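K.L.:
As input, take run_10.pdb (PDB, C-alpha atoms):
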ATOM      1  CA  MET A  16      -1.763  46.858 -59.891
ATOM      2  CA  TYR A  17      -2.822  43.414 -58.624
ATOM      3  CA  PHE A  18      -3.594  42.335 -62.197
ATOM      4  CA  SER A  19      -0.145  43.472 -63.376
ATOM      5  CA  PHE A  20       1.534  41.558 -60.557
ATOM      6  CA  LYS A  21      -0.363  38.411 -61.535
ATOM      7  CA  CYS A  22       0.702  38.898 -65.161
ATOM      8  CA  VAL A  23       4.358  39.153 -64.118
ATOM      9  CA  LEU A  24       4.081  35.951 -62.067
ATOM     10  CA  PHE A  25       2.385  34.190 -64.963
ATOM     11  CA  LEU A  26       5.067  35.267 -67.442
ATOM     12  CA  GLN A  27       7.823  34.172 -65.040
ATOM     13  CA  ALA A  28       6.174  30.789 -64.627
ATOM     14  CA  LEU A  29       5.763  30.483 -68.401
ATOM     15  CA  SER A  30       9.428  31.300 -68.948
ATOM     16  CA  LEU A  31      10.474  28.741 -66.347
ATOM     17  CA  PHE A  32       8.221  26.121 -67.947
ATOM     18  CA  SER A  33       9.682  26.861 -71.387
ATOM     19  CA  LEU A  34      13.207  26.555 -69.990
ATOM     20  CA  MET A  35      12.359  23.227 -68.358
ATOM     21  CA  GLN A  36      10.787  21.956 -71.579
ATOM     22  CA  GLY A  37      13.888  23.033 -73.498
ATOM     23  CA  GLN A  38      16.120  21.147 -71.081
ATOM     24  CA  LYS A  39      13.966  18.035 -71.380
ATOM     25  CA  LEU A  40      14.038  18.290 -75.179
ATOM     26  CA  GLU A  41      17.817  18.677 -75.136
ATOM     27  CA  GLU A  42      18.161  15.635 -72.846
ATOM     28  CA  SER A  43      15.824  13.553 -74.989
ATOM     29  CA  MET A  44      17.928  14.312 -78.075
ATOM     30  CA  GLU A  45      20.864  12.506 -76.476
ATOM     31  CA  GLU A  46      20.686   8.868 -77.419
ATOM     32  CA  VAL A  47      22.749   5.743 -77.707
ATOM     33  CA  LYS A  48      24.208   5.197 -81.177
ATOM     34  CA  ILE A  49      24.355   1.544 -82.216
ATOM     35  CA  GLU A  50      26.447   0.028 -85.001
ATOM     36  CA  VAL A  51      25.978  -3.697 -85.672
ATOM     37  CA  LEU A  52      29.373  -5.236 -86.449
ATOM     38  CA  HIS A  53      28.205  -8.830 -86.818
ATOM     39  CA  LEU A  54      24.747 -10.380 -86.943
ATOM     40  CA  PRO A  55      24.422 -14.181 -86.776
ATOM     41  CA  GLY A  56      22.357 -15.928 -89.408
ATOM     42  CA  ASN A  57      20.167 -17.589 -86.800
ATOM     43  CA  CYS A  58      18.486 -15.338 -84.235
ATOM     44  CA  SER A  59      15.566 -17.194 -82.696
ATOM     45  CA  SER A  60      15.219 -14.771 -79.783
ATOM     46  CA  LYS A  61      16.419 -11.264 -78.922
ATOM     47  CA  SER A  62      17.409  -9.843 -75.565
ATOM     48  CA  LYS A  63      14.796  -8.000 -73.539
ATOM     49  CA  LYS A  64      14.434  -6.484 -70.103
ATOM     50  CA  GLY A  65      14.929  -9.074 -67.390
ATOM     51  CA  ASP A  66      17.035 -11.492 -69.464
ATOM     52  CA  LEU A  67      20.277 -12.853 -68.078
ATOM     53  CA  LEU A  68      23.062 -11.962 -70.524
ATOM     54  CA  ASN A  69      26.586 -13.296 -70.885
ATOM     55  CA  ALA A  70      28.879 -10.939 -72.784
ATOM     56  CA  HIS A  71      32.355  -9.568 -73.257
ATOM     57  CA  TYR A  72      32.815  -5.844 -73.759
ATOM     58  CA  ASP A  73      35.626  -3.342 -74.100
ATOM     59  CA  GLY A  74      35.134   0.273 -73.053
ATOM     60  CA  TYR A  75      36.851   3.309 -74.594
ATOM     61  CA  LEU A  76      36.823   7.054 -74.128
ATOM     62  CA  ALA A  77      36.066   9.168 -77.191
ATOM     63  CA  ASN A  78      39.826   9.773 -77.674
ATOM     64  CA  GLY A  79      40.434   6.023 -78.003
ATOM     65  CA  THR A  80      41.770   5.384 -74.486
ATOM     66  CA  LYS A  81      40.643   1.972 -73.237
ATOM     67  CA  PHE A  82      39.321   2.117 -69.669
ATOM     68  CA  TYR A  83      37.834  -1.370 -69.342
ATOM     69  CA  CYS A  84      38.214  -4.863 -70.802
ATOM     70  CA  SER A  85      36.107  -7.734 -69.464
ATOM     71  CA  ARG A  86      38.580 -10.227 -70.917
ATOM     72  CA  THR A  87      41.152  -9.153 -68.337
ATOM     73  CA  GLN A  88      38.700  -9.377 -65.411
ATOM     74  CA  ASN A  89      37.487 -12.505 -63.547
ATOM     75  CA  LYS A  90      40.125 -14.668 -65.266
ATOM     76  CA  GLY A  91      38.735 -13.763 -68.673
ATOM     77  CA  HIS A  92      35.173 -14.932 -68.037
ATOM     78  CA  PRO A  93      32.408 -13.043 -69.842
ATOM     79  CA  LYS A  94      30.246 -10.802 -67.676
ATOM     80  CA  TRP A  95      26.882 -12.035 -66.412
ATOM     81  CA  PHE A  96      24.203  -9.451 -65.678
ATOM     82  CA  VAL A  97      20.458  -8.933 -65.840
ATOM     83  CA  LEU A  98      19.424  -6.536 -68.595
ATOM     84  CA  GLY A  99      17.411  -3.414 -67.882
ATOM     85  CA  VAL A 100      17.576  -3.369 -64.070
ATOM     86  CA  GLY A 101      20.547  -1.068 -63.462
ATOM     87  CA  GLN A 102      23.322  -3.611 -63.035
ATOM     88  CA  VAL A 103      25.215  -1.725 -65.771
ATOM     89  CA  ILE A 104      25.031   1.938 -66.795
ATOM     90  CA  LYS A 105      21.784   3.061 -68.389
ATOM     91  CA  GLY A 106      23.408   3.436 -71.807
ATOM     92  CA  LEU A 107      24.468  -0.218 -71.843
ATOM     93  CA  ASP A 108      21.002  -1.327 -70.714
ATOM     94  CA  ILE A 109      19.651   0.536 -73.757
ATOM     95  CA  ALA A 110      22.421  -0.550 -76.136
ATOM     96  CA  MET A 111      21.994  -4.266 -75.469
ATOM     97  CA  MET A 112      18.246  -4.466 -75.927
ATOM     98  CA  GLY A 113      17.185  -6.540 -78.916
ATOM     99  CA  MET A 114      20.539  -8.319 -79.353
ATOM    100  CA  CYS A 115      20.962 -11.858 -80.654
ATOM    101  CA  SER A 116      23.259 -14.446 -79.152
ATOM    102  CA  GLY A 117      26.480 -14.187 -81.170
ATOM    103  CA  GLU A 118      25.869 -10.583 -82.212
ATOM    104  CA  LYS A 119      28.579  -7.916 -82.000
ATOM    105  CA  ARG A 120      27.883  -4.207 -81.610
ATOM    106  CA  LYS A 121      29.786  -0.969 -81.319
ATOM    107  CA  VAL A 122      27.832   1.569 -79.283
ATOM    108  CA  THR A 123      28.385   5.217 -78.422
ATOM    109  CA  ILE A 124      26.882   6.395 -75.136
ATOM    110  CA  PRO A 125      26.460  10.094 -74.225
ATOM    111  CA  PRO A 126      27.495  11.320 -70.743
ATOM    112  CA  SER A 127      23.871  11.618 -69.569
ATOM    113  CA  LEU A 128      23.438   7.857 -70.040
ATOM    114  CA  ALA A 129      26.859   6.989 -68.604
ATOM    115  CA  TYR A 130      28.604   8.651 -65.636
ATOM    116  CA  GLY A 131      27.492  12.220 -66.274
ATOM    117  CA  LYS A 132      29.166  15.194 -64.641
ATOM    118  CA  GLU A 133      30.648  13.135 -61.814
ATOM    119  CA  GLY A 134      32.815  10.775 -63.866
ATOM    120  CA  TYR A 135      33.929   7.494 -62.347
ATOM    121  CA  ALA A 136      36.811   5.526 -60.804
ATOM    122  CA  GLN A 137      38.977   8.400 -59.557
ATOM    123  CA  GLY A 138      39.368  10.068 -62.920
ATOM    124  CA  LEU A 139      39.610   6.930 -65.051
ATOM    125  CA  ILE A 140      36.398   8.148 -66.662
ATOM    126  CA  PRO A 141      36.408  11.962 -66.559
ATOM    127  CA  PRO A 142      33.302  14.119 -66.104
ATOM    128  CA  ASP A 143      31.027  14.531 -69.145
ATOM    129  CA  ALA A 144      32.727  11.649 -70.954
ATOM    130  CA  THR A 145      31.210  10.038 -74.033
ATOM    131  CA  LEU A 146      31.847   6.289 -73.871
ATOM    132  CA  ILE A 147      32.297   3.756 -76.660
ATOM    133  CA  PHE A 148      31.799   0.021 -76.103
ATOM    134  CA  GLU A 149      32.491  -2.938 -78.342
ATOM    135  CA  ILE A 150      30.193  -5.753 -77.212
ATOM    136  CA  GLU A 151      30.066  -9.451 -78.049
ATOM    137  CA  LEU A 152      27.006 -11.246 -76.709
ATOM    138  CA  TYR A 153      27.372 -14.965 -76.017
ATOM    139  CA  ALA A 154      24.130 -16.020 -74.370
ATOM    140  CA  VAL A 155      20.591 -14.755 -73.787
ATOM    141  CA  THR A 156      18.546 -16.655 -71.219
ATOM    142  CA  LYS A 157      15.531 -15.913 -69.091
ATOM    143  CA  GLY A 158      17.142 -14.327 -66.104
ATOM    144  CA  PRO A 159      16.103 -13.925 -62.496
ATOM    145  CA  ARG A 160      13.556 -11.302 -63.492
ATOM    146  CA  SER A 161      10.761 -13.169 -65.257
ATOM    147  CA  ILE A 162       7.872 -14.837 -63.482
ATOM    148  CA  GLU A 163       8.523 -18.061 -65.391
ATOM    149  CA  THR A 164      12.098 -18.198 -64.153
ATOM    150  CA  PHE A 165      11.043 -17.429 -60.568
ATOM    151  CA  LYS A 166       8.759 -20.460 -60.628
ATOM    152  CA  GLN A 167      11.487 -22.539 -62.249
ATOM    153  CA  ILE A 168      14.031 -21.618 -59.548
ATOM    154  CA  ASP A 169      11.520 -21.983 -56.694
ATOM    155  CA  VAL A 170      11.662 -25.798 -56.681
ATOM    156  CA  ASP A 171       9.934 -26.181 -53.291
ATOM    157  CA  ASN A 172       7.179 -23.748 -54.364
ATOM    158  CA  ASP A 173       7.341 -21.713 -51.151
ATOM    159  CA  LYS A 174       7.270 -18.412 -53.095
ATOM    160  CA  LYS A 175      10.755 -17.338 -52.058
ATOM    161  CA  LEU A 176      14.200 -18.121 -53.439
ATOM    162  CA  SER A 177      16.917 -19.584 -51.251
ATOM    163  CA  LYS A 178      20.652 -19.658 -51.909
ATOM    164  CA  PRO A 179      20.636 -23.423 -52.665
ATOM    165  CA  GLU A 180      17.857 -22.901 -55.241
ATOM    166  CA  ILE A 181      19.630 -20.041 -57.013
ATOM    167  CA  ASN A 182      22.957 -21.844 -56.706
ATOM    168  CA  TYR A 183      21.519 -24.851 -58.564
ATOM    169  CA  TYR A 184      19.946 -22.606 -61.229
ATOM    170  CA  LEU A 185      23.222 -20.764 -61.845
ATOM    171  CA  LYS A 186      25.120 -24.038 -62.130
ATOM    172  CA  LYS A 187      22.785 -25.190 -64.908
ATOM    173  CA  GLU A 188      23.007 -21.835 -66.702
ATOM    174  CA  PHE A 189      26.815 -21.780 -66.531
ATOM    175  CA  GLU A 190      26.939 -25.251 -68.065
ATOM    176  CA  LYS A 191      25.108 -24.037 -71.173
ATOM    177  CA  ASP A 192      27.990 -21.976 -72.603
ATOM    178  CA  ASP A 193      30.557 -24.798 -72.211
ATOM    179  CA  LYS A 194      33.151 -22.520 -70.598
ATOM    180  CA  PRO A 195      34.693 -23.857 -67.363
ATOM    181  CA  ARG A 196      34.342 -21.630 -64.301
ATOM    182  CA  ASP A 197      36.003 -22.134 -60.962
ATOM    183  CA  GLN A 198      33.967 -22.282 -57.759
ATOM    184  CA  SER A 199      35.137 -18.873 -56.553
ATOM    185  CA  TYR A 200      33.610 -17.196 -59.601
ATOM    186  CA  HIS A 201      30.359 -19.105 -59.133
ATOM    187  CA  ASP A 202      30.247 -18.119 -55.443
ATOM    188  CA  SER A 203      30.927 -14.458 -56.207
ATOM    189  CA  VAL A 204      28.013 -14.316 -58.673
ATOM    190  CA  LEU A 205      25.701 -15.921 -56.108
ATOM    191  CA  GLU A 206      26.765 -13.480 -53.376
ATOM    192  CA  ASP A 207      26.325 -10.534 -55.743
ATOM    193  CA  ILE A 208      22.766 -11.623 -56.584
ATOM    194  CA  PHE A 209      21.810 -11.717 -52.883
ATOM    195  CA  LYS A 210      23.618  -8.480 -52.109
ATOM    196  CA  LYS A 211      21.629  -6.651 -54.783
ATOM    197  CA  ASN A 212      18.265  -8.346 -54.289
ATOM    198  CA  ASP A 213      17.843  -9.539 -50.678
ATOM    199  CA  HIS A 214      16.898  -6.079 -49.439
ATOM    200  CA  ASP A 215      15.564  -7.123 -46.036
ATOM    201  CA  GLY A 216      18.544  -9.430 -45.362
ATOM    202  CA  ASP A 217      16.476 -12.471 -44.428
ATOM    203  CA  GLY A 218      18.470 -14.863 -46.619
ATOM    204  CA  PHE A 219      15.718 -15.235 -49.204
ATOM    205  CA  ILE A 220      14.628 -13.302 -52.297
ATOM    206  CA  SER A 221      10.900 -12.646 -52.256
ATOM    207  CA  PRO A 222       8.752 -12.082 -55.369
ATOM    208  CA  LYS A 223       8.704  -8.360 -54.589
ATOM    209  CA  GLU A 224      12.498  -8.181 -54.219
ATOM    210  CA  TYR A 225      13.030 -10.311 -57.300
ATOM    211  CA  ASN A 226      10.429  -9.189 -59.763
ATOM    212  CA  VAL A 227      11.016  -6.035 -61.826
ATOM    213  CA  TYR A 228       7.809  -6.447 -63.812
ATOM    214  CA  GLN A 229       5.062  -4.573 -62.024
ATOM    215  CA  HIS A 230       2.240  -6.554 -63.649
ATOM    216  CA  ASP A 231       3.601 -10.058 -63.121
ATOM    217  CA  GLU A 232       1.920 -11.976 -60.332
ATOM    218  CA  LEU A 233       2.659 -15.227 -58.532
TER     219      LEU A 233
END
What do you get writing this file as structure tokens?

P.N.:
Amino acid sequence: MYFSFKCVLFLQALSLFSLMQGQKLEESMEEVKIEVLHLPGNCSSKSKKGDLLNAHYDGYLANGTKFYCSRTQNKGHPKWFVLGVGQVIKGLDIAMMGMCSGEKRKVTIPPSLAYGKEGYAQGLIPPDATLIFEIELYAVTKGPRSIETFKQIDVDNDKKLSKPEINYYLKKEFEKDDKPRDQSYHDSVLEDIFKKNDHDGDGFISPKEYNVYQHDEL
């Protein structure tokens, strides 16, 4: 009797494990589909986790409805964000890996790598929505996520980043793409960086707060 009970428990556990494995397999089969629309002749470096990207992108639902256009936001300025750290949806972090400056892509992102069952923006993106983005990448630079850039920004070498230091770094980066930006846009980017990274609220970004690479050391 005891042996039979143990067998039943074992079979139940095995069934549960098989179900979990099936769910994981089903989830892993969902992936981002990437179509390269334009590839520049010169691609000296490709985007990787931690890079600071400057890009325009349009977002569509699977039925063709446009739900987002970066060209109509922030006075038409391209979006700045750090790749691979969750500043955009997971599908976009995946879709924009390995891109060249000047490259254009069309990507299809499944719900599990977008907004899932919850949807977003009060129904603008419904639950379980597949999303399509057309992306044009303008610039790939070492962003505030590499150890080299941390040292570059940390001009006084005190192993923490102040607002004046990051402000100066951003100013130099913005000048590289030759597109004028007003001070309000510059200030909003600076505030957003501190809001997302200064976790203890002390007015500085420490190596731990800043650094997404677990094996980088100062």

K.L.:
Taking only C-alpha atoms into account, name the residue in A:Leu176, A:Ile168, A:Ile124, A:Ala136 that is nearest to A:Phe82.

P.N.:
A:Ala136

K.L.:
For each of A:Lys223, A:Lys186, A:Lys64, A:Lys178, take the minimum atom-to-atom distance to A:Glu206, counting all atoms listed in the file, then give the residue where this is smallest.

P.N.:
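Among the listed residues, the smallest separation from A:Glu206 belongs to A:Lys178.
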
K.L.:
Any chance you could work out the residue set of the PyMOL selection byres ((chain A and resi 90) around 12) here, as a VMD selection string?

P.N.:
chain A and resid 84 to 89 91 to 94 194 to 197 199 to 200

K.L.:
For A:Asp143, find every residue with an atom within 9 Å (counting only C-alpha atoms), except residues of its own chain fewer than 6 positions away, and show them as a list in words.

P.N.:
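Residues meeting the cut-off are Pro125, Pro126, Ser127, Ala129, Tyr130, Gly131, Lys132, Glu133 and Gly134 of chain A.
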
K.L.:
Let me have the centre and edge lengths in Å, one decimal, of the box along x, y and z around every listed atom of stretch 55-60 of chain A with 4 Å of margin on each side, as JSON.

P.N.:
{"center_x": 19.8, "center_y": -15.9, "center_z": -84.6, "size_x": 17.2, "size_y": 11.4, "size_z": 17.6}

K.L.:
For this file, the PyMOL selection byres ((chain A and resi 60) around 12) selects which residues, as a count of residues only?

P.N.:
19

K.L.:
What separation in Å, quoted to one decimal, exists between atom CA of A:Pro141 and atom CA of A:Leu52?

P.N.:
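So the answer is 27.2 Å.
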
K.L.:
Using all atoms listed in the file, which protein or nucleic acid residues come within 6 Å of A:Ile220? Drop anything in the same chain fewer than 2 positions from it, and give the result as number ranges by chain.

P.N.:
A: 175-176, 213, 224

K.L.:
One decimal, Å: what's the distance from atom CA of A:Leu146 over to atom CA of A:Leu76, could you say?

P.N.:
5.0 Å

K.L.:
Suppose you want the space between atom CA of A:Leu185 and atom CA of A:Leu205; what is it in Å?

P.N.:
7.9 Å

K.L.:
Hey, what's within 12 Å of A:Phe219 if we count only C-alpha atoms and toss same-chain stuff fewer than 6 positions away? As a list in words, please?

P.N.:
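Everything that qualifies: Asp169, Asp173, Lys174, Lys175, Leu176, Ser177, Lys178, Pro179, Glu180, Ile181, Glu206, Ile208, Phe209, Lys210, Lys211, Asn212, Asp213 and Tyr225 of chain A.
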
K.L.:
Expand the PyMOL selection byres ((chain A and resi 106) around 6) into the explicit residue set it covers here, and present it as a PyMOL selection string.

P.N.:
chain A and resi 104-105+107-110+124+128-129
